[in-house]
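entry39.txt follows; it contains compact mmCIF, C-alpha atoms and all ligand atoms.
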# COMPACT_ATOMS: atom_id res chain seq x y z
CA MET A 1 97.56 120.42 59.35
CA GLU A 2 98.16 123.48 61.51
CA GLU A 3 94.71 123.11 63.01
CA TYR A 4 95.33 119.47 63.84
CA ARG A 5 98.53 120.34 65.67
CA GLU A 6 96.71 122.96 67.69
CA GLU A 7 94.17 120.37 68.80
CA LYS A 8 96.86 117.92 69.89
CA LYS A 9 98.52 120.51 72.10
CA ASN A 10 95.24 121.25 73.87
CA LEU A 11 94.59 117.58 74.49
CA PHE A 12 97.50 117.34 76.92
CA GLU A 13 97.35 120.81 78.36
CA THR A 14 94.79 120.20 81.09
CA VAL A 15 93.55 122.48 83.84
CA THR A 16 95.61 120.38 86.27
CA ASP A 17 98.73 121.88 84.65
CA LYS A 18 97.42 125.33 85.42
CA ILE A 19 97.02 124.42 89.08
CA PHE A 20 100.03 122.24 89.88
CA LYS A 21 103.57 123.29 89.09
CA LYS A 22 105.29 120.27 90.67
CA ARG A 23 102.73 117.91 92.12
CA LEU A 24 105.43 115.58 93.46
CA ALA A 25 106.13 118.18 96.16
CA LEU A 26 102.77 117.31 97.73
CA SER A 27 103.31 113.55 97.75
CA PRO A 28 104.46 111.57 100.82
CA GLU A 29 107.69 110.48 99.05
CA TYR A 30 108.95 114.05 98.70
CA ILE A 31 111.72 114.97 101.12
CA PRO A 32 111.40 118.70 101.90
CA GLU A 33 114.48 120.90 102.19
CA ARG A 34 113.34 122.29 105.52
CA LEU A 35 111.61 120.37 108.31
CA VAL A 36 109.31 122.69 110.22
CA GLY A 37 109.27 122.34 114.02
CA ARG A 38 111.50 119.30 114.08
CA GLU A 39 114.86 120.87 114.96
CA LYS A 40 115.02 119.07 118.31
CA GLN A 41 114.14 115.66 116.83
CA THR A 42 116.55 116.14 113.91
CA LYS A 43 119.35 116.93 116.36
CA GLN A 44 118.40 113.96 118.55
CA VAL A 45 118.65 111.51 115.64
CA ALA A 46 121.83 113.18 114.33
CA SER A 47 123.61 113.01 117.70
CA LEU A 48 122.56 109.39 118.05
CA LEU A 49 124.26 108.60 114.74
CA SER A 50 127.28 110.89 115.04
CA PRO A 51 129.61 108.32 116.76
CA ALA A 52 129.47 106.35 113.49
CA LEU A 53 131.54 109.09 111.83
CA SER A 54 134.44 108.28 114.15
CA GLY A 55 134.06 104.53 113.68
CA ASP A 56 132.12 103.91 116.90
CA LYS A 57 128.99 101.91 117.50
CA THR A 58 125.79 103.96 117.66
CA ASN A 59 122.90 103.11 119.96
CA ASN A 60 119.68 101.43 118.85
CA VAL A 61 116.53 103.48 119.20
CA PHE A 62 112.77 103.22 118.80
CA VAL A 63 111.14 106.27 117.23
CA TYR A 64 107.47 106.61 118.12
CA GLY A 65 104.72 109.08 117.32
CA LYS A 66 101.32 109.18 115.69
CA THR A 67 100.89 108.99 111.96
CA GLY A 68 102.08 112.00 109.93
CA VAL A 69 104.26 113.59 112.64
CA GLY A 70 107.46 113.45 110.59
CA LYS A 71 109.14 110.24 111.81
CA THR A 72 110.00 109.00 108.32
CA ALA A 73 110.76 112.49 107.00
CA VAL A 74 113.18 113.33 109.85
CA THR A 75 114.96 109.97 109.69
CA LYS A 76 115.40 110.11 105.91
CA TYR A 77 116.60 113.70 106.15
CA VAL A 78 119.24 112.81 108.77
CA LEU A 79 120.37 109.76 106.76
CA LEU A 80 120.88 111.92 103.66
CA GLU A 81 122.94 114.40 105.68
CA LEU A 82 124.91 111.54 107.26
CA ASP A 83 125.60 110.13 103.83
CA LYS A 84 127.04 113.46 102.67
CA GLU A 85 129.30 113.60 105.73
CA VAL A 86 130.39 109.97 105.29
CA LYS A 87 131.44 110.71 101.70
CA LYS A 88 133.26 113.87 102.77
CA ARG A 89 135.21 112.11 105.51
CA GLY A 90 135.67 108.84 103.62
CA VAL A 91 134.60 106.72 106.61
CA ASN A 92 133.26 103.18 106.46
CA VAL A 93 129.55 103.71 107.27
CA LYS A 94 126.51 102.50 105.38
CA SER A 95 122.81 102.91 106.02
CA VAL A 96 119.91 100.81 104.84
CA PHE A 97 116.33 102.07 104.86
CA VAL A 98 113.68 99.35 104.96
CA ASN A 99 109.95 100.02 104.77
CA CYS A 100 108.64 96.96 106.62
CA ASN A 101 105.16 97.54 105.24
CA GLN A 102 106.59 96.58 101.85
CA ILE A 103 109.50 94.37 102.88
CA LYS A 104 108.03 92.29 105.68
CA THR A 105 109.82 88.97 105.92
CA THR A 106 113.20 88.18 107.48
CA THR A 107 114.64 86.84 104.22
CA LYS A 108 113.54 89.88 102.24
CA ILE A 109 114.99 92.25 104.84
CA ILE A 110 118.30 90.36 104.80
CA LYS A 111 118.34 90.46 101.01
CA ARG A 112 117.77 94.20 101.08
CA ILE A 113 120.63 94.75 103.56
CA CYS A 114 122.97 92.57 101.47
CA ASN A 115 122.00 94.46 98.30
CA VAL A 116 122.86 97.81 99.84
CA VAL A 117 126.12 96.70 101.47
CA SER A 118 127.39 94.61 98.51
CA PRO A 119 125.27 95.30 95.43
CA GLU A 120 127.66 93.25 93.30
CA ILE A 121 126.74 90.02 95.11
CA GLU A 122 123.58 88.39 93.81
CA ILE A 123 121.37 86.89 96.55
CA PRO A 124 118.61 84.53 95.34
CA SER A 125 115.02 85.51 96.20
CA THR A 126 113.91 81.94 96.87
CA GLY A 127 115.26 78.42 97.15
CA ILE A 128 117.58 78.83 100.13
CA ALA A 129 116.87 78.39 103.84
CA THR A 130 116.67 81.35 106.23
CA SER A 131 119.87 80.20 107.97
CA GLU A 132 121.68 80.39 104.63
CA TYR A 133 120.47 83.99 104.19
CA TYR A 134 121.95 84.79 107.61
CA ASP A 135 125.26 83.07 106.70
CA ARG A 136 125.53 85.17 103.57
CA LEU A 137 124.64 88.34 105.51
CA TRP A 138 127.36 87.70 108.14
CA LYS A 139 129.92 86.98 105.43
CA ILE A 140 129.07 90.22 103.63
CA LEU A 141 129.14 92.23 106.86
CA ASN A 142 132.49 90.79 107.96
CA ARG A 143 133.95 91.76 104.62
CA PHE A 144 132.44 95.24 104.92
CA GLY A 145 133.74 95.64 108.47
CA GLY A 146 132.24 99.10 109.02
CA ILE A 147 129.27 100.62 110.83
CA LEU A 148 125.91 99.55 109.46
CA ILE A 149 122.79 101.53 110.32
CA VAL A 150 119.55 99.70 109.60
CA VAL A 151 116.34 101.75 109.68
CA LEU A 152 113.25 99.57 110.04
CA ASP A 153 110.37 101.92 109.24
CA GLU A 154 106.87 100.73 110.21
CA ILE A 155 108.64 98.04 112.24
CA ASP A 156 105.30 96.81 113.66
CA LYS A 157 104.46 95.45 110.17
CA MET A 158 107.47 93.11 110.19
CA SER A 159 106.29 89.50 110.04
CA GLU A 160 108.54 88.26 112.90
CA ASP A 161 110.88 89.98 115.32
CA SER A 162 113.67 87.34 115.47
CA ILE A 163 115.72 89.41 113.01
CA LEU A 164 115.88 92.20 115.59
CA TYR A 165 117.36 89.81 118.10
CA ASN A 166 119.85 88.36 115.61
CA LEU A 167 121.02 91.74 114.33
CA THR A 168 121.41 93.27 117.79
CA ARG A 169 123.28 90.20 119.12
CA ALA A 170 125.43 89.61 116.02
CA ARG A 171 128.65 90.85 117.60
CA GLU A 172 128.04 89.12 120.92
CA ASN A 173 127.21 85.84 119.18
CA LEU A 174 130.36 86.17 117.05
CA ASP A 175 128.34 86.11 113.85
CA ILE A 176 130.33 89.18 112.96
CA THR A 177 133.76 89.96 114.29
CA GLU A 178 134.26 93.25 112.44
CA GLY A 179 132.14 96.40 112.52
CA PHE A 180 128.84 97.08 114.26
CA ILE A 181 125.13 97.05 113.48
CA SER A 182 122.74 99.70 114.83
CA ILE A 183 119.01 99.78 114.41
CA ILE A 184 116.46 102.58 114.27
CA GLY A 185 112.97 101.10 114.60
CA ILE A 186 110.10 103.43 113.68
CA SER A 187 106.44 102.92 114.52
CA ASN A 188 103.17 104.77 115.01
CA ASP A 189 101.94 101.94 117.20
CA LEU A 190 102.83 102.94 120.74
CA THR A 191 102.05 99.45 122.01
CA TYR A 192 104.55 97.80 119.65
CA LYS A 193 107.25 97.35 122.29
CA GLU A 194 104.86 95.56 124.60
CA ARG A 195 104.27 92.91 121.95
CA VAL A 196 107.94 92.21 121.27
CA ASP A 197 109.78 89.36 122.98
CA ALA A 198 111.47 90.56 126.19
CA ARG A 199 114.81 89.11 125.01
CA VAL A 200 114.67 91.33 121.94
CA ILE A 201 114.00 94.42 124.03
CA SER A 202 116.79 93.59 126.43
CA SER A 203 119.37 93.39 123.65
CA PHE A 204 117.86 96.31 121.74
CA GLY A 205 118.04 98.73 124.69
CA SER A 206 115.38 101.02 126.04
CA ARG A 207 116.22 104.25 124.24
CA GLU A 208 113.26 105.89 122.53
CA PHE A 209 112.33 109.18 120.90
CA VAL A 210 108.71 110.23 120.86
CA PHE A 211 107.63 112.76 118.22
CA PRO A 212 104.77 115.05 119.32
CA PRO A 213 101.91 116.05 116.97
CA TYR A 214 102.09 119.32 115.03
CA ASP A 215 99.93 122.27 115.99
CA ALA A 216 97.92 124.25 113.41
CA ILE A 217 100.60 126.96 113.08
CA GLN A 218 103.33 124.40 112.32
CA LEU A 219 101.06 122.70 109.80
CA GLN A 220 100.46 126.06 108.11
CA LYS A 221 104.22 126.56 107.74
CA ILE A 222 104.65 123.06 106.29
CA LEU A 223 101.89 123.71 103.77
CA LYS A 224 103.18 127.18 102.83
CA ASP A 225 106.56 125.71 101.90
CA ARG A 226 104.95 123.05 99.72
CA VAL A 227 102.49 125.43 98.06
CA GLN A 228 105.42 127.47 96.78
CA ILE A 229 106.97 124.47 95.10
CA GLY A 230 103.89 122.44 94.21
CA PHE A 231 101.33 124.98 92.99
CA GLU A 232 101.35 127.66 90.32
CA GLU A 233 101.74 131.10 91.82
CA GLY A 234 98.80 132.95 93.34
CA ILE A 235 96.07 130.41 92.65
CA ILE A 236 95.38 129.39 96.26
CA ASP A 237 92.81 131.43 98.15
CA ASP A 238 94.05 132.81 101.48
CA THR A 239 91.67 130.65 103.50
CA VAL A 240 92.86 127.35 102.00
CA ILE A 241 96.06 126.76 103.99
CA PRO A 242 94.56 127.75 107.39
CA LEU A 243 91.57 125.46 106.76
CA CYS A 244 93.65 122.43 105.70
CA SER A 245 95.85 122.97 108.78
CA ALA A 246 92.94 123.41 111.17
CA LEU A 247 91.23 120.25 109.90
CA ALA A 248 94.45 118.21 110.20
CA ALA A 249 95.24 119.68 113.63
CA GLN A 250 91.77 118.70 114.86
CA GLU A 251 92.56 115.08 114.09
CA HIS A 252 95.97 114.79 115.75
CA GLY A 253 98.34 117.21 114.04
CA ASP A 254 98.93 114.95 111.04
CA ALA A 255 101.06 116.62 108.31
CA ARG A 256 100.22 113.88 105.81
CA LYS A 257 96.51 114.57 106.22
CA ALA A 258 97.08 118.32 105.76
CA LEU A 259 99.07 117.71 102.56
CA MET A 260 96.50 115.26 101.24
CA LEU A 261 93.70 117.77 101.80
CA LEU A 262 95.68 120.41 99.93
CA GLU A 263 96.49 118.16 96.98
CA TYR A 264 92.94 116.81 96.79
CA ALA A 265 91.53 120.35 96.91
CA GLY A 266 93.75 121.25 93.92
CA GLU A 267 92.52 118.21 92.06
CA ILE A 268 88.88 119.10 92.76
CA ALA A 269 89.40 122.66 91.50
CA ALA A 270 90.92 121.24 88.32
CA GLU A 271 88.09 118.75 87.97
CA LYS A 272 85.64 121.66 88.12
CA ASP A 273 87.61 123.45 85.43
CA ARG A 274 88.50 126.30 87.74
CA GLU A 275 91.86 127.96 87.97
CA ARG A 276 91.68 128.85 91.65
CA VAL A 277 91.62 126.62 94.71
CA ARG A 278 89.00 127.74 97.22
CA GLU A 279 87.80 126.91 100.71
CA GLU A 280 84.87 124.90 99.32
CA ASP A 281 87.35 122.61 97.50
CA VAL A 282 89.02 121.81 100.83
CA ARG A 283 85.64 120.97 102.39
CA GLU A 284 84.83 118.74 99.44
CA ALA A 285 88.30 117.13 99.74
CA GLN A 286 87.66 116.44 103.43
CA LYS A 287 84.35 114.76 102.58
CA ARG A 288 85.91 112.64 99.84
CA LEU A 289 88.84 111.59 102.04
CA GLU A 290 86.38 110.48 104.72
CA THR A 291 84.39 108.51 102.13
CA ASP A 292 87.62 106.91 100.82
CA ARG A 293 88.48 105.89 104.38
CA LEU A 294 85.05 104.37 104.94
CA ILE A 295 85.22 102.48 101.62
CA GLU A 296 88.58 101.01 102.68
CA THR A 297 87.02 99.99 105.99
CA ILE A 298 84.17 98.19 104.18
CA LYS A 299 86.73 96.18 102.18
CA THR A 300 88.32 94.83 105.35
CA LEU A 301 85.08 93.71 107.06
CA PRO A 302 84.73 89.98 107.82
CA TYR A 303 82.33 88.27 105.38
CA HIS A 304 79.13 88.10 107.46
CA GLN A 305 79.64 91.60 108.79
CA ARG A 306 79.93 92.80 105.22
CA LEU A 307 76.66 91.04 104.46
CA VAL A 308 75.03 92.90 107.36
CA PHE A 309 76.34 96.16 105.92
CA GLN A 310 75.06 95.14 102.51
CA ALA A 311 71.67 94.50 104.12
CA VAL A 312 71.63 98.08 105.46
CA VAL A 313 72.57 99.41 102.01
CA LYS A 314 69.94 97.26 100.35
CA ASP A 315 67.21 98.45 102.60
CA GLY A 316 68.34 101.99 101.82
CA ARG A 317 65.57 103.67 103.82
CA ILE A 318 66.39 106.27 106.41
CA GLY A 319 65.67 104.88 109.83
CA THR A 320 65.58 101.20 109.01
CA GLU A 321 65.38 99.08 112.19
CA THR A 322 67.50 96.22 113.57
CA ASN A 323 64.86 93.67 112.68
CA ASP A 324 64.58 94.87 109.04
CA VAL A 325 68.33 94.54 108.72
CA TYR A 326 68.19 91.04 110.16
CA ILE A 327 65.51 90.02 107.62
CA ALA A 328 67.43 91.53 104.69
CA TYR A 329 70.63 89.83 105.95
CA THR A 330 68.88 86.43 106.24
CA ASN A 331 67.57 86.84 102.67
CA LEU A 332 71.09 87.58 101.43
CA CYS A 333 72.39 84.45 103.22
CA ASN A 334 69.63 82.34 101.66
CA GLN A 335 70.45 83.67 98.19
CA LYS A 336 74.08 82.67 98.73
CA GLY A 337 73.23 79.29 100.30
CA LEU A 338 74.77 80.26 103.66
CA SER A 339 73.37 79.69 107.16
CA PRO A 340 72.69 83.03 108.81
CA LEU A 341 74.35 83.86 112.15
CA THR A 342 72.24 84.48 115.26
CA LYS A 343 70.34 87.69 115.94
CA ILE A 344 72.70 88.48 118.81
CA SER A 345 75.76 88.28 116.53
CA ILE A 346 74.05 90.55 114.02
CA SER A 347 73.19 93.01 116.76
CA ASN A 348 76.90 93.05 117.78
CA PHE A 349 77.92 93.57 114.17
CA ILE A 350 75.57 96.55 113.96
CA SER A 351 77.22 98.10 117.04
CA GLU A 352 80.65 97.59 115.48
CA LEU A 353 79.59 99.12 112.16
CA ASP A 354 78.39 102.09 114.19
CA MET A 355 81.74 102.35 115.99
CA LEU A 356 83.60 102.19 112.67
CA GLY A 357 81.51 105.15 111.48
CA LEU A 358 79.91 103.26 108.59
CA ILE A 359 76.40 103.59 109.99
CA SER A 360 74.66 105.44 112.81
CA ALA A 361 72.54 103.23 115.01
CA LYS A 362 70.42 105.24 117.44
CA LYS A 363 68.60 103.50 120.28
CA VAL A 364 64.85 104.12 120.23
CA TYR A 365 62.37 103.04 122.91
CA LYS A 366 59.11 101.63 121.61
CA GLY A 367 57.13 101.66 124.85
CA ARG A 368 55.95 98.19 125.81
CA TYR A 369 57.50 96.75 122.61
CA GLY A 370 60.94 97.27 124.11
CA GLN A 371 63.73 99.00 122.25
CA THR A 372 65.18 98.94 118.77
CA ARG A 373 67.82 100.85 116.86
CA LYS A 374 67.15 103.17 113.96
CA ILE A 375 69.91 102.78 111.45
CA THR A 376 71.19 105.24 108.87
CA LEU A 377 73.97 104.83 106.38
CA ASN A 378 76.99 107.17 106.66
CA VAL A 379 78.54 106.39 103.28
CA PRO A 380 76.94 107.80 100.12
CA ILE A 381 75.26 104.92 98.28
CA ALA A 382 76.55 106.22 94.92
CA ASP A 383 80.15 105.80 96.12
CA ILE A 384 79.52 102.27 97.38
CA LEU A 385 77.94 101.28 94.07
CA ALA A 386 80.71 102.99 92.09
CA GLU A 387 83.26 100.86 93.94
CA GLY A 388 81.37 97.70 92.97
CA LEU A 389 81.65 96.41 96.53
CA PHE A 390 78.63 94.11 96.42
N1 LIG B 1 108.36 118.95 109.80
C1 LIG B 1 107.96 118.76 108.54
N2 LIG B 1 108.22 119.66 107.60
C2 LIG B 1 107.82 119.47 106.33
N3 LIG B 1 107.14 118.41 105.92
C3 LIG B 1 106.84 117.46 106.82
C4 LIG B 1 107.24 117.58 108.18
N4 LIG B 1 106.80 116.51 108.86
C5 LIG B 1 106.16 115.74 107.99
N5 LIG B 1 106.17 116.28 106.77
C6 LIG B 1 105.54 115.73 105.58
O1 LIG B 1 104.32 115.12 105.98
C7 LIG B 1 104.15 113.84 105.40
C8 LIG B 1 104.07 112.79 106.49
O2 LIG B 1 105.26 112.75 107.24
P1 LIG B 1 106.00 111.38 107.60
O3 LIG B 1 105.88 110.44 106.45
O4 LIG B 1 107.36 111.68 108.06
O5 LIG B 1 105.08 110.88 108.79
P2 LIG B 1 105.30 109.64 109.77
O6 LIG B 1 105.45 110.19 111.14
O7 LIG B 1 106.39 108.78 109.25
O8 LIG B 1 103.88 108.93 109.67
P3 LIG B 1 103.50 107.36 109.63
O9 LIG B 1 103.54 106.88 111.04
O10 LIG B 1 102.12 107.34 109.09
O11 LIG B 1 104.48 106.68 108.73
C9 LIG B 1 105.33 113.67 104.45
O12 LIG B 1 104.93 114.09 103.17
C10 LIG B 1 106.37 114.60 105.00
O13 LIG B 1 107.23 115.06 103.99
MG MG B 2 106.36 106.93 108.26

As C-alpha cells, how would this structure be written, given the file I've shared?
Amino acid sequence: MEEYREEKKNLFETVTDKIFKKRLALSPEYIPERLVGREKQTKQVASLLSPALSGDKTNNVFVYGKTGVGKTAVTKYVLLELDKEVKKRGVNVKSVFVNCNQIKTTTKIIKRICNVVSPEIEIPSTGIATSEYYDRLWKILNRFGGILIVVLDEIDKMSEDSILYNLTRARENLDITEGFISIIGISNDLTYKERVDARVISSFGSREFVFPPYDAIQLQKILKDRVQIGFEEGIIDDTVIPLCSALAAQEHGDARKALMLLEYAGEIAAEKDRERVREEDVREAQKRLETDRLIETIKTLPYHQRLVFQAVVKDGRIGTETNDVYIAYTNLCNQKGLSPLTKISISNFISELDMLGLISAKKVYKGRYGQTRKITLNVPIADILAEGLF
C-alpha cells in the first residue's frame, strides 16, 4: 500500500513543477504589478480618465502601437487603479473592457456593456432586433446616469463601426440625457483610422496615444520581474534573459514574444527532463515558435494555393523546380476532380508562398532554356505531417 502511494505522488510531480513556480505569471492574461518603461503612457491614460472622478466627461482616445508593446497591459492597469479610486471616493463611474477579437458584433458589445452596468437585468442573446438592444442600452444608461468608460481592445476586429458613432453621439442625439460615455479604442493596426467612416472619426475626436516598441534593456527588466514570480529560484542560466530579449527586440520590441520565448524555453527544458533552462532551449523555442507561425499561415491559405504548397511538400526534393510543382499540383487537382488553375496563377502563388516564408524560391537561369525557380521548403515536413494538414 505504501509503495502504491509513493507511485501516485510521483505521477503528478513532473519536471515542469521543478521549473515553474507560477506559470500564470508568464501568460498574456497576467497583469504585472510594475509596468517597465511605461510610466509616461500610464500617466497619459490616467490623466485622460481623471476628470471622471469629479463627474466630468473624459475624452475619447485611440491607443496605437505594434503588437506586444503594452497597450492592453497599461490600459487594464489604469482601469484597475481607477476602480480603486472610484470605490474610495464613492463616485458614479463604471468601466467596461471589451476584447473585440472575442466580442465582435454590435449586439454582443451592447450586451456586454449592459451586463457590466446592470448585471441584474437579463438581456437576451438572440431574438431581438439591434434597435431593441440599443433601446435597452439607453434605458440602462439613463438609469445609471454616471460616467461610462468603454475600452474597445483590438477595435479593428469589430465587425462594424456604427456602434462607435452611436456611442459617441448618444448625448447629442438625446439617446441619453444623463451621464456620459467615453471610449478608448486600442489597435495594433496603424491604418485602422483610415478605414473608419469619416463621420465616426469626427465625433470620436482626433486624440491618439502611440506606444513605442521596447528596447532590449526594457525587455530584460520585464523578463527579470516575471522570472522571479514564474520560475523556481536559480534555475535560469544567465544568458537566457538577454537572449530572449535580444531576439524579441530584433523583431520589433515585442514583450509578448519575449515572454513566450521564455515560457517555451522552460517547457523545452522540462520536456528534456532537465532542471535548468539554458540558451539552447531558447534557440529551440525560437525555432518552434517560427514553425508554429508557419503552420498557422498554411491553415489560412486559399484552397488552390494550399494545393500548390502541398505539391511542394509532396515533391519533397531539395531544389524542385516550378514546372515540377505545376505537374504535382495538376495531379492533385485531377485526383480531387478539380480543374487546375493556369501556370501563371501557380507562378504567382509560388511567389506569395515565398513572401510568406513558407518556401524559398530562388531564380535560376538555364541558359537558352530561359529561367526557372528552385524551390525549397522552409517548414519541417515532420511538423506538417504531425499537424495532419493534408
Ligand atoms: N511594460 C511592461 N511591463 C511588464 N510586462 C509587460 C509590459 N508591457 C507588456 N507586458 C507584458 O507583455 C505581454 C504583451 O503585452 P500587451 O498584451 O499589453 O501587448 P499589446 O500592446 O496589447 O499587444 P497586441 O497589440 O498584440 O494586443 C503581456 O503579457 C504583458 O503583461
Ligand atoms: Mg492587446

How would you write, as a PyMOL selection string, the set of residues no farther than 9 Å from ligand MG 2 (chain B) when counting only C-alpha atoms and all ligand atoms?
chain A and resi 28+67-73+99+153-154+186-188

Print the selection's residues with C-alpha atoms to a file, as a PDB file, in the coordinates of the input.
ATOM      1  CA  PRO A  28     104.460 111.570 100.820  1.00  0.00           C
ATOM      2  CA  THR A  67     100.890 108.990 111.960  1.00  0.00           C
ATOM      3  CA  GLY A  68     102.080 112.000 109.930  1.00  0.00           C
ATOM      4  CA  VAL A  69     104.260 113.590 112.640  1.00  0.00           C
ATOM      5  CA  GLY A  70     107.460 113.450 110.590  1.00  0.00           C
ATOM      6  CA  LYS A  71     109.140 110.240 111.810  1.00  0.00           C
ATOM      7  CA  THR A  72     110.000 109.000 108.320  1.00  0.00           C
ATOM      8  CA  ALA A  73     110.760 112.490 107.000  1.00  0.00           C
ATOM      9  CA  ASN A  99     109.950 100.020 104.770  1.00  0.00           C
ATOM     10  CA  ASP A 153     110.370 101.920 109.240  1.00  0.00           C
ATOM     11  CA  GLU A 154     106.870 100.730 110.210  1.00  0.00           C
ATOM     12  CA  ILE A 186     110.100 103.430 113.680  1.00  0.00           C
ATOM     13  CA  SER A 187     106.440 102.920 114.520  1.00  0.00           C
ATOM     14  CA  ASN A 188     103.170 104.770 115.010  1.00  0.00           C
TER      15      ASN A 188
END

Shell around A:Leu35 at 10 Å using only C-alpha atoms, local window under 5 positions removed, as an NGL selection string
:A and (42 or 70 or 73-74 or 77 or 221-222 or 225)

What box, with edges along x, y and z, holds each listed atom of ligand LIG 1 (chain B) when 4 Å is added on every side, and can you state its centre and edge lengths in Å to one decimal, as JSON?
{"center_x": 105.2, "center_y": 113.2, "center_z": 107.2, "size_x": 14.2, "size_y": 21.0, "size_z": 16.0}

Rank A:Gly65, A:Tyr326, A:Asp383, A:Pro212 by their smallest atom-to-atom distance to A:Ile344, using only C-alpha atoms, and report the top residue only.
A:Tyr326

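Nearest-residue note for A:Arg306: choosing from A:Leu332, A:Cys114, A:Ala258, A:Ile375, the minimum distance belongs to A:Leu332, counting only C-alpha atoms.
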
Stretch 161-170 of chain A surroundings by all atoms listed in the file, 6 Å radius, close-in-sequence under 5 positions cut, as a list in words
Asp175, Ile176 and Val200 of chain A

Using all atoms listed in the file - which residues lie no farther than 12 Å from the point (117.6, 110.5, 121.5) in the file's frame? Write them as a list of chain:residue names.
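All residues meeting the 12 Å criterion around (117.6, 110.5, 121.5) are A:Lys40, A:Gln41, A:Thr42, A:Lys43, A:Gln44, A:Val45, A:Ala46, A:Ser47, A:Leu48, A:Leu49, A:Ser50, A:Thr58, A:Asn59, A:Asn60, A:Val61, A:Phe62, A:Val63, A:Tyr64, A:Ile184, A:Ser206, A:Arg207, A:Glu208, A:Phe209, A:Val210, A:Phe211.
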
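The gap separating atom CA of A:Thr297 from atom CA of A:Asp354 is 12.1 Å, in Å to one decimal.
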
Quote the spacing between atom CA of A:Thr130 and atom CA of A:Thr107 in Å to one decimal place.
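Distance reported for this atom pair: 6.2 Å.
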